[in-house]
$ cat data.cif   # mmCIF, C-alpha atoms
data_protein
#
loop_
_atom_site.label_atom_id
_atom_site.label_comp_id
_atom_site.auth_asym_id
_atom_site.auth_seq_id
_atom_site.Cartn_x
_atom_site.Cartn_y
_atom_site.Cartn_z
CA MET A 1035 153.74 90.13 200.36
CA ARG A 1036 153.05 93.87 200.81
CA ALA A 1037 154.85 94.62 197.55
CA LEU A 1038 152.69 92.04 195.78
CA ARG A 1039 149.55 93.61 197.23
CA ARG A 1040 150.66 97.04 196.00
CA ILE A 1041 151.18 95.65 192.50
CA ILE A 1042 147.74 93.98 192.50
CA LEU A 1043 146.09 97.15 193.82
CA ALA A 1044 147.86 99.27 191.21
CA LYS A 1045 146.73 96.93 188.43
CA TRP A 1046 143.16 97.00 189.73
CA PHE A 1047 143.16 100.80 189.90
CA LEU A 1048 144.54 101.01 186.38
CA THR A 1049 141.82 98.66 185.15
CA VAL A 1050 139.11 100.83 186.71
CA LEU A 1051 140.53 103.98 185.17
CA THR A 1052 140.86 102.26 181.80
CA GLY A 1053 137.25 101.14 181.99
CA PHE A 1054 136.03 104.65 182.69
CA SER A 1055 138.18 106.01 179.87
CA LEU A 1056 136.78 103.46 177.43
CA LEU A 1057 133.26 104.38 178.48
CA LEU A 1058 134.01 108.03 177.83
CA ILE A 1059 135.34 107.25 174.37
CA ALA A 1060 132.26 105.16 173.64
CA GLY A 1061 130.10 108.11 174.60
CA CYS A 1062 131.55 110.31 171.89
CA SER A 1063 129.92 109.92 168.50
CA SER A 1064 133.00 110.65 166.36
CA MET A 1065 136.77 111.08 166.49
CA GLN A 1066 136.26 114.82 166.51
CA HIS A 1067 134.08 114.54 169.59
CA GLN A 1068 136.70 112.38 171.24
CA GLN A 1069 139.36 115.01 170.66
CA GLU A 1070 137.10 117.79 171.97
CA SER A 1071 135.97 115.89 175.05
CA GLU A 1072 137.35 117.10 178.36
CA TRP A 1073 136.10 114.12 180.39
CA LEU A 1074 138.57 111.73 181.94
CA TYR A 1075 135.89 109.47 183.44
CA ALA A 1076 132.13 109.08 183.41
CA PRO A 1077 130.36 111.73 185.54
CA MET A 1078 128.94 110.11 188.65
CA ALA A 1079 126.77 110.96 191.63
CA ARG A 1080 126.85 109.36 195.04
CA PRO A 1081 124.39 106.44 194.81
CA LEU A 1082 121.24 107.25 196.75
CA GLN A 1083 121.00 105.58 200.16
CA PRO A 1084 118.13 105.15 202.63
CA THR A 1085 117.76 108.16 204.91
CA ILE A 1086 116.69 108.18 208.53
CA GLN A 1087 113.62 110.16 207.50
CA GLN A 1088 112.52 107.44 205.07
CA GLU A 1089 113.03 104.70 207.64
CA VAL A 1090 111.18 106.61 210.37
CA LYS A 1091 108.30 107.30 207.97
CA ILE A 1092 107.93 103.57 207.24
CA LEU A 1093 108.00 102.82 210.96
CA ARG A 1094 105.31 105.40 211.76
CA LEU A 1095 103.08 104.28 208.89
CA SER A 1096 103.42 100.67 210.06
CA GLN A 1097 102.42 101.69 213.57
CA LEU A 1098 99.46 103.62 212.21
CA LEU A 1099 98.23 100.57 210.31
CA GLN A 1100 97.94 98.69 213.61
CA GLN A 1101 95.16 100.99 214.77
CA LYS A 1102 91.78 99.30 214.36
CA GLU A 1103 89.64 102.44 214.17
CA LEU A 1104 90.97 103.60 210.78
CA SER A 1105 88.41 103.95 208.02
CA ASP A 1106 88.95 101.93 204.85
CA GLU A 1107 89.81 105.05 202.86
CA ILE A 1108 92.40 106.21 205.40
CA ARG A 1109 93.86 102.70 205.66
CA ALA A 1110 94.13 102.56 201.85
CA LYS A 1111 95.99 105.90 201.84
CA VAL A 1112 98.42 104.71 204.52
CA PHE A 1113 99.15 101.52 202.59
CA TYR A 1114 99.73 103.65 199.49
CA GLU A 1115 102.10 106.00 201.31
CA ARG A 1116 104.08 103.12 202.81
CA GLY A 1117 104.18 101.43 199.40
CA ASN A 1118 105.68 104.59 197.91
CA SER A 1119 108.28 104.64 200.68
CA TYR A 1120 109.19 101.02 200.04
CA ASP A 1121 109.39 101.75 196.32
CA SER A 1122 111.80 104.66 196.81
CA LEU A 1123 114.12 102.25 198.66
CA GLY A 1124 113.96 99.58 195.95
CA LEU A 1125 111.84 97.21 198.06
CA LYS A 1126 109.58 96.39 195.14
CA ASN A 1127 107.83 93.29 196.45
CA LEU A 1128 106.89 94.99 199.72
CA ALA A 1129 105.71 98.02 197.75
CA ARG A 1130 103.59 95.87 195.43
CA LEU A 1131 101.97 94.11 198.38
CA ASP A 1132 101.09 97.44 199.98
CA PHE A 1133 99.63 98.79 196.73
CA GLU A 1134 97.49 95.68 196.38
CA GLN A 1135 96.33 96.08 199.98
CA SER A 1136 95.54 99.73 199.31
CA LEU A 1137 93.27 98.78 196.40
CA ARG A 1138 91.54 96.15 198.51
CA PHE A 1139 90.38 98.85 200.94
CA TYR A 1140 89.71 101.56 198.33
CA PRO A 1141 89.69 100.50 194.64
CA SER A 1142 89.20 103.93 193.03
CA GLN A 1143 92.89 104.89 192.89
CA PRO A 1144 94.26 105.35 189.35
CA GLU A 1145 97.75 106.17 190.63
CA VAL A 1146 97.94 102.81 192.42
CA PHE A 1147 96.84 100.89 189.32
CA ASN A 1148 99.49 102.81 187.39
CA MET A 1149 102.22 101.78 189.84
CA LEU A 1150 101.15 98.14 189.73
CA GLY A 1151 101.23 98.26 185.93
CA VAL A 1152 104.84 99.44 186.07
CA TYR A 1153 105.74 96.56 188.40
CA TYR A 1154 104.10 94.01 186.12
CA THR A 1155 105.97 95.47 183.14
CA GLU A 1156 109.25 95.09 185.00
CA ILE A 1157 108.67 91.36 185.49
CA ASN A 1158 107.39 90.81 181.92
CA ASP A 1159 103.83 90.05 183.08
CA PHE A 1160 102.39 92.16 180.29
CA ASP A 1161 98.77 90.99 180.42
CA ALA A 1162 98.57 92.04 184.07
CA ALA A 1163 100.30 95.32 183.18
CA TYR A 1164 97.81 96.11 180.41
CA GLU A 1165 94.91 95.37 182.76
CA SER A 1166 96.33 97.64 185.47
CA PHE A 1167 96.95 100.53 183.10
CA ASP A 1168 93.48 100.12 181.56
CA SER A 1169 92.02 100.35 185.07
CA ALA A 1170 94.05 103.49 185.76
CA LEU A 1171 92.88 105.11 182.51
CA GLU A 1172 89.28 104.09 183.13
CA LEU A 1173 89.42 105.97 186.44
CA ASP A 1174 91.45 108.88 185.04
CA PRO A 1175 91.27 109.02 181.20
CA LYS A 1176 93.56 112.08 181.08
CA SER A 1177 96.43 110.50 183.01
CA VAL A 1178 99.53 111.12 180.91
CA TYR A 1179 101.62 108.84 183.11
CA ALA A 1180 99.29 105.86 182.80
CA GLY A 1181 98.92 106.39 179.05
CA ARG A 1182 102.65 106.63 178.50
CA ASN A 1183 103.35 103.66 180.75
CA LEU A 1184 100.76 101.60 178.86
CA ALA A 1185 102.51 102.50 175.60
CA ILE A 1186 105.86 101.48 177.08
CA ALA A 1187 104.40 98.17 178.30
CA LEU A 1188 102.99 97.48 174.82
CA HIS A 1189 106.43 98.32 173.40
CA TYR A 1190 108.24 95.86 175.65
CA GLY A 1191 105.43 93.35 175.14
CA GLY A 1192 106.14 93.24 171.42
CA ARG A 1193 103.06 95.16 170.24
CA PRO A 1194 104.64 98.14 168.45
CA ARG A 1195 101.58 99.36 166.51
CA LEU A 1196 99.34 99.39 169.56
CA ALA A 1197 102.16 101.09 171.47
CA ARG A 1198 102.44 103.72 168.72
CA ASP A 1199 98.69 104.43 168.78
CA GLU A 1200 98.74 104.80 172.56
CA ILE A 1201 101.77 107.11 172.70
CA GLU A 1202 100.29 109.29 169.94
CA GLN A 1203 97.25 109.88 172.16
CA VAL A 1204 99.57 110.87 174.99
CA ILE A 1205 101.45 113.30 172.71
CA GLN A 1206 98.15 114.92 171.72
CA GLN A 1207 97.38 115.60 175.38
CA ASP A 1208 100.79 117.11 176.13
CA PRO A 1209 102.87 117.87 173.01
CA ALA A 1210 105.48 119.74 175.05
CA ASP A 1211 106.48 116.74 177.17
CA PRO A 1212 110.01 115.71 176.07
CA PHE A 1213 109.84 112.27 177.71
CA SER A 1214 106.71 111.33 175.78
CA ALA A 1215 108.49 112.51 172.64
CA LEU A 1216 111.48 110.32 173.49
CA TRP A 1217 109.33 107.24 174.08
CA ARG A 1218 107.40 107.84 170.88
CA TYR A 1219 110.74 107.88 169.08
CA LEU A 1220 111.82 104.60 170.70
CA ILE A 1221 108.45 102.96 170.01
CA VAL A 1222 108.00 104.13 166.41
CA SER A 1223 111.61 103.19 165.58
CA ASP A 1224 110.50 99.55 165.76
CA ILE A 1225 108.12 100.27 162.86
CA ASP A 1226 109.87 102.95 160.78
CA ALA A 1227 113.15 104.47 161.97
CA ASP A 1228 113.03 107.40 159.51
CA VAL A 1229 109.50 108.40 160.54
CA ALA A 1230 110.52 108.18 164.20
CA GLN A 1231 113.57 110.38 163.59
CA GLN A 1232 111.58 113.04 161.76
CA ALA A 1233 108.85 113.12 164.40
CA LEU A 1234 111.39 113.56 167.20
CA LEU A 1235 113.22 116.27 165.28
CA LYS A 1236 109.94 118.11 164.67
CA SER A 1237 109.06 117.96 168.37
CA TYR A 1238 112.53 119.19 169.31
CA GLN A 1239 112.42 122.13 166.91
CA SER A 1240 108.96 123.11 168.16
CA HIS A 1241 109.64 122.92 171.90
CA GLN A 1242 113.39 123.21 172.53
CA SER A 1243 112.98 126.74 173.88
CA ASP A 1244 110.56 125.57 176.58
CA ALA A 1245 112.39 126.63 179.74
CA LYS A 1246 110.14 124.52 181.97
CA GLU A 1247 111.21 121.30 180.23
CA ALA A 1248 114.72 122.43 179.22
CA TRP A 1249 116.44 119.41 180.76
CA GLY A 1250 114.21 116.93 178.96
CA TRP A 1251 114.76 118.61 175.61
CA SER A 1252 118.51 118.44 176.21
CA LEU A 1253 118.09 114.65 176.36
CA VAL A 1254 116.16 114.81 173.07
CA ALA A 1255 119.00 116.83 171.52
CA MET A 1256 121.47 114.19 172.71
CA MET A 1257 119.35 111.40 171.22
CA LEU A 1258 119.16 113.24 167.89
CA GLY A 1259 122.87 114.08 167.86
CA GLU A 1260 121.99 117.78 167.81
CA THR A 1261 124.39 118.37 170.69
CA ASP A 1262 127.59 116.71 171.79
CA ASP A 1263 127.24 114.17 174.60
CA SER A 1264 129.84 115.95 176.71
CA THR A 1265 127.79 119.16 176.49
CA VAL A 1266 124.83 117.41 178.12
CA PHE A 1267 126.97 116.07 180.95
CA LYS A 1268 128.55 119.49 181.45
CA GLN A 1269 125.05 120.93 181.72
CA ILE A 1270 124.16 118.36 184.37
CA LEU A 1271 127.20 119.15 186.50
CA GLN A 1272 127.00 122.92 186.07
CA GLU A 1273 123.27 123.21 186.84
CA THR A 1274 123.05 120.60 189.61
CA SER A 1275 124.45 120.98 193.11
CA ASP A 1276 122.11 118.61 194.95
CA ASN A 1277 123.28 114.98 194.87
CA THR A 1278 119.75 113.58 194.62
CA VAL A 1279 118.94 115.71 191.57
CA LEU A 1280 122.33 114.84 190.08
CA ALA A 1281 121.69 111.12 190.51
CA ARG A 1282 118.27 111.44 188.89
CA ARG A 1283 119.53 113.34 185.88
CA LEU A 1284 122.48 111.03 185.35
CA THR A 1285 120.12 108.05 185.54
CA GLU A 1286 118.04 109.55 182.74
CA ALA A 1287 121.03 110.60 180.64
CA TYR A 1288 122.78 107.23 180.85
CA PHE A 1289 119.57 105.33 180.06
CA TYR A 1290 118.69 107.27 176.91
CA LEU A 1291 122.30 107.35 175.78
CA GLY A 1292 122.32 103.59 176.28
CA LYS A 1293 119.20 103.31 174.12
CA ARG A 1294 120.91 105.27 171.37
CA TYR A 1295 123.89 102.93 171.34
CA GLN A 1296 121.66 99.88 171.54
CA MET A 1297 119.70 101.05 168.49
CA GLN A 1298 123.03 101.30 166.69
CA ASP A 1299 123.85 97.67 167.69
CA GLN A 1300 126.75 98.87 169.86
CA TYR A 1301 125.89 96.54 172.69
CA ALA A 1302 129.06 96.82 174.80
CA GLU A 1303 128.59 100.57 175.17
CA ALA A 1304 124.86 100.18 175.80
CA VAL A 1305 125.41 97.61 178.55
CA ALA A 1306 127.95 99.85 180.29
CA LEU A 1307 125.56 102.81 180.17
CA TYR A 1308 122.58 100.83 181.46
CA LYS A 1309 124.69 99.63 184.37
CA LEU A 1310 125.62 103.24 185.14
CA ALA A 1311 121.93 104.19 185.06
CA ILE A 1312 121.17 101.41 187.54
CA SER A 1313 124.12 102.29 189.80
CA MET A 1314 122.57 105.59 191.00
CA ASN A 1315 119.84 103.72 192.95
CA VAL A 1316 117.07 106.01 191.68
CA TYR A 1317 114.62 103.16 192.10
CA GLU A 1318 111.41 105.07 191.38
CA TYR A 1319 112.49 106.30 187.92
CA VAL A 1320 111.35 104.26 184.92
CA GLU A 1321 114.83 104.73 183.46
CA HIS A 1322 116.22 102.73 186.39
CA ARG A 1323 113.44 100.14 186.21
CA TYR A 1324 113.57 99.52 182.49
CA ALA A 1325 117.37 99.45 182.26
CA PHE A 1326 117.04 95.89 183.57
CA LEU A 1327 114.63 95.01 180.76
CA GLU A 1328 117.03 96.48 178.19
CA LEU A 1329 119.93 94.44 179.59
CA GLU A 1330 117.78 91.33 179.40
CA GLN A 1331 116.90 92.04 175.78
CA ILE A 1332 120.54 92.56 174.85
CA TYR A 1333 121.49 89.30 176.57
CA HIS A 1334 118.88 87.31 174.65
CA LYS A 1335 119.74 88.98 171.33
CA ILE A 1336 123.45 88.25 171.68
CA LYS A 1337 122.66 84.71 172.81
CA ASP A 1338 120.43 84.15 169.78
CA ASN A 1339 123.06 85.59 167.44
CA HIS A 1340 125.70 83.20 168.79
CA SER A 1341 123.43 80.16 168.63
CA SER A 1342 122.26 80.80 165.07
#

$ encode --input "data.cif" --output "structure tokens"
Amino acid sequence: MRALRRIILAKWFLTVLTGFSLLLIAGCSSMQHQQESEWLYAPMARPLQPTIQQEVKILRLSQLLQQKELSDEIRAKVFYERGNSYDSLGLKNLARLDFEQSLRFYPSQPEVFNMLGVYYTEINDFDAAYESFDSALELDPKSVYAGRNLAIALHYGGRPRLARDEIEQVIQQDPADPFSALWRYLIVSDIDADVAQQALLKSYQSHQSDAKEAWGWSLVAMMLGETDDSTVFKQILQETSDNTVLARRLTEAYFYLGKRYQMQDQYAEAVALYKLAISMNVYEYVEHRYAFLELEQIYHKIKDNHSS
């Protein structure tokens, strides 16, 4: 019996290693890249876990909410803070309830409307998402986050031209933001792939030397194929010693690499990369949130292809 268990364990271990090796190969864009790659498995971080500090913060905020003498504005802030804490732990429904409570006590909070818009986008309730983002932008017209998130919601909601118009306004406000440039590329690709490619390349050439946003422009270079995938992952590991930062950067890298493969109709590789992005537990990042939407889209597309 022990010998049989050893054989089963050995086979399982071999399967895991094979899976990681296949993922590595999928991440290389050519045979030359495969030969040059030094990776034996996909770079990973320790998945983020709840900390005692986060749990104590939620406890203290909950105790504070029991005090009757709090003003409405203070109570709204406490609900918002606890909602953020819930969100960082992946407790989305509890977070959403707290954000809604926060608005009930103090409605003039663009950041709360923005968060609710993201939640509605995640569950495909796009009309509610548009309304939330519009409210956020009405209160803070210069909010880059709300503008970009509205464009993303319009993109997932199947309104590519409106999404393009919205993301262009965001780019005008902050041309040096690499993540807005990436989302413009993803959005405009639904309309004209060549135009999207040229716009992203132009942004990259204009801002790649921006030291403040160097990491983001590395992701742009990876999306464009201007740098080898393994170079980006080497950069992550060489420049990052903190596990939380490592998990965040890997979440972003795996998501956008997954998008690149998905746009090339290489769905097996895209699915594997989206699952890696999710596995880091970086719940508050849109790359973690929207990886689920991308997996859902791939599922429906493959299902439709098989049924037709």

$ closest_residue --input "data.cif" --among "A:Phe1147, A:Phe1213, A:Tyr1238, A:Tyr1154" --to "Leu1173 (chain A)" --atoms "all atoms listed in the file"
A:Phe1147

$ resolve_selection --input "data.cif" --expression "the PyMOL selection byres ((chain A and resi 1200) around 12)" --output "PyMOL selection string"
chain A and resi 1164+1167-1168+1171+1178-1189+1193-1199+1201-1207+1214+1217-1218+1221-1222

$ closest_residue --input "data.cif" --among "A:Phe1326, A:Tyr1120, A:Trp1251, A:Phe1289" --to "Pro1212 (chain A)" --atoms "only C-alpha atoms"
A:Trp1251

$ residues_around --input "data.cif" --residues "region 1291-1297 of chain A" --least-positions-apart "3" --cutoff "8 Å" --atoms "only C-alpha atoms" --output "PDB file with C-alpha atoms, in the coordinates of the input"
ATOM      1  CA  GLY A1061     130.100 108.110 174.600  1.00  0.00           C
ATOM      2  CA  MET A1256     121.470 114.190 172.710  1.00  0.00           C
ATOM      3  CA  MET A1257     119.350 111.400 171.220  1.00  0.00           C
ATOM      4  CA  ALA A1287     121.030 110.600 180.640  1.00  0.00           C
ATOM      5  CA  TYR A1288     122.780 107.230 180.850  1.00  0.00           C
ATOM      6  CA  GLN A1300     126.750  98.870 169.860  1.00  0.00           C
ATOM      7  CA  TYR A1301     125.890  96.540 172.690  1.00  0.00           C
ATOM      8  CA  GLU A1303     128.590 100.570 175.170  1.00  0.00           C
ATOM      9  CA  ALA A1304     124.860 100.180 175.800  1.00  0.00           C
ATOM     10  CA  VAL A1305     125.410  97.610 178.550  1.00  0.00           C
ATOM     11  CA  ALA A1306     127.950  99.850 180.290  1.00  0.00           C
ATOM     12  CA  LEU A1307     125.560 102.810 180.170  1.00  0.00           C
ATOM     13  CA  TYR A1308     122.580 100.830 181.460  1.00  0.00           C
TER      14      TYR A1308
END

$ atom_distance --input "data.cif" --atom1 "CA of Glu1318 (chain A)" --atom2 "CA of Gly1124 (chain A)"
7.6 Å

$ residues_around --input "data.cif" --residues "Ser1105 (chain A)" --least-positions-apart "4" --cutoff "9 Å" --atoms "only C-alpha atoms" --output "list in words"
Arg1109, Ala1110 and Phe1139 of chain A

$ atom_distance --input "data.cif" --atom1 "CA of Glu1107 (chain A)" --atom2 "CA of Gly1151 (chain A)"
21.5 Å

$ residues_near_point --input "data.cif" --point "(111.5, 107.4, 163.6)" --cutoff "12 Å" --atoms "all atoms listed in the file" --output "compact mmCIF listing (two decimals) with C-alpha atoms, keeping the file's coordinate frame"
# COMPACT_ATOMS: atom_id res chain seq x y z
CA ARG A 1198 102.44 103.72 168.72
CA ALA A 1215 108.49 112.51 172.64
CA LEU A 1216 111.48 110.32 173.49
CA TRP A 1217 109.33 107.24 174.08
CA ARG A 1218 107.40 107.84 170.88
CA TYR A 1219 110.74 107.88 169.08
CA LEU A 1220 111.82 104.60 170.70
CA ILE A 1221 108.45 102.96 170.01
CA VAL A 1222 108.00 104.13 166.41
CA SER A 1223 111.61 103.19 165.58
CA ASP A 1224 110.50 99.55 165.76
CA ILE A 1225 108.12 100.27 162.86
CA ASP A 1226 109.87 102.95 160.78
CA ALA A 1227 113.15 104.47 161.97
CA ASP A 1228 113.03 107.40 159.51
CA VAL A 1229 109.50 108.40 160.54
CA ALA A 1230 110.52 108.18 164.20
CA GLN A 1231 113.57 110.38 163.59
CA GLN A 1232 111.58 113.04 161.76
CA ALA A 1233 108.85 113.12 164.40
CA LEU A 1234 111.39 113.56 167.20
CA LEU A 1235 113.22 116.27 165.28
CA LYS A 1236 109.94 118.11 164.67
CA SER A 1237 109.06 117.96 168.37
CA MET A 1257 119.35 111.40 171.22
CA LEU A 1258 119.16 113.24 167.89
CA MET A 1297 119.70 101.05 168.49

$ atom_distance --input "data.cif" --atom1 "CA of Pro1144 (chain A)" --atom2 "CA of Lys1176 (chain A)"
10.7 Å

$ closest_residue --input "data.cif" --among "A:Glu1247, A:Glu1321, A:Asp1262, A:Asp1299" --to "Leu1284 (chain A)" --atoms "only C-alpha atoms"
A:Glu1321

$ residues_around --input "data.cif" --residues "Ile1157 (chain A)" --least-positions-apart "5" --cutoff "12 Å" --atoms "only C-alpha atoms" --output "PyMOL selection string"
chain A and resi 1126-1127+1150-1152+1162-1163+1187+1190-1191+1323-1324+1326-1327+1330

$ write_last_selection --input "data.cif" --atoms "C-alpha atoms" --output "PDB file, in the frame of the given file"
ATOM      1  CA  LYS A1126     109.580  96.390 195.140  1.00  0.00           C
ATOM      2  CA  ASN A1127     107.830  93.290 196.450  1.00  0.00           C
ATOM      3  CA  LEU A1150     101.150  98.140 189.730  1.00  0.00           C
ATOM      4  CA  GLY A1151     101.230  98.260 185.930  1.00  0.00           C
ATOM      5  CA  VAL A1152     104.840  99.440 186.070  1.00  0.00           C
ATOM      6  CA  ALA A1162      98.570  92.040 184.070  1.00  0.00           C
ATOM      7  CA  ALA A1163     100.300  95.320 183.180  1.00  0.00           C
ATOM      8  CA  ALA A1187     104.400  98.170 178.300  1.00  0.00           C
ATOM      9  CA  TYR A1190     108.240  95.860 175.650  1.00  0.00           C
ATOM     10  CA  GLY A1191     105.430  93.350 175.140  1.00  0.00           C
ATOM     11  CA  ARG A1323     113.440 100.140 186.210  1.00  0.00           C
ATOM     12  CA  TYR A1324     113.570  99.520 182.490  1.00  0.00           C
ATOM     13  CA  PHE A1326     117.040  95.890 183.570  1.00  0.00           C
ATOM     14  CA  LEU A1327     114.630  95.010 180.760  1.00  0.00           C
ATOM     15  CA  GLU A1330     117.780  91.330 179.400  1.00  0.00           C
TER      16      GLU A1330
END
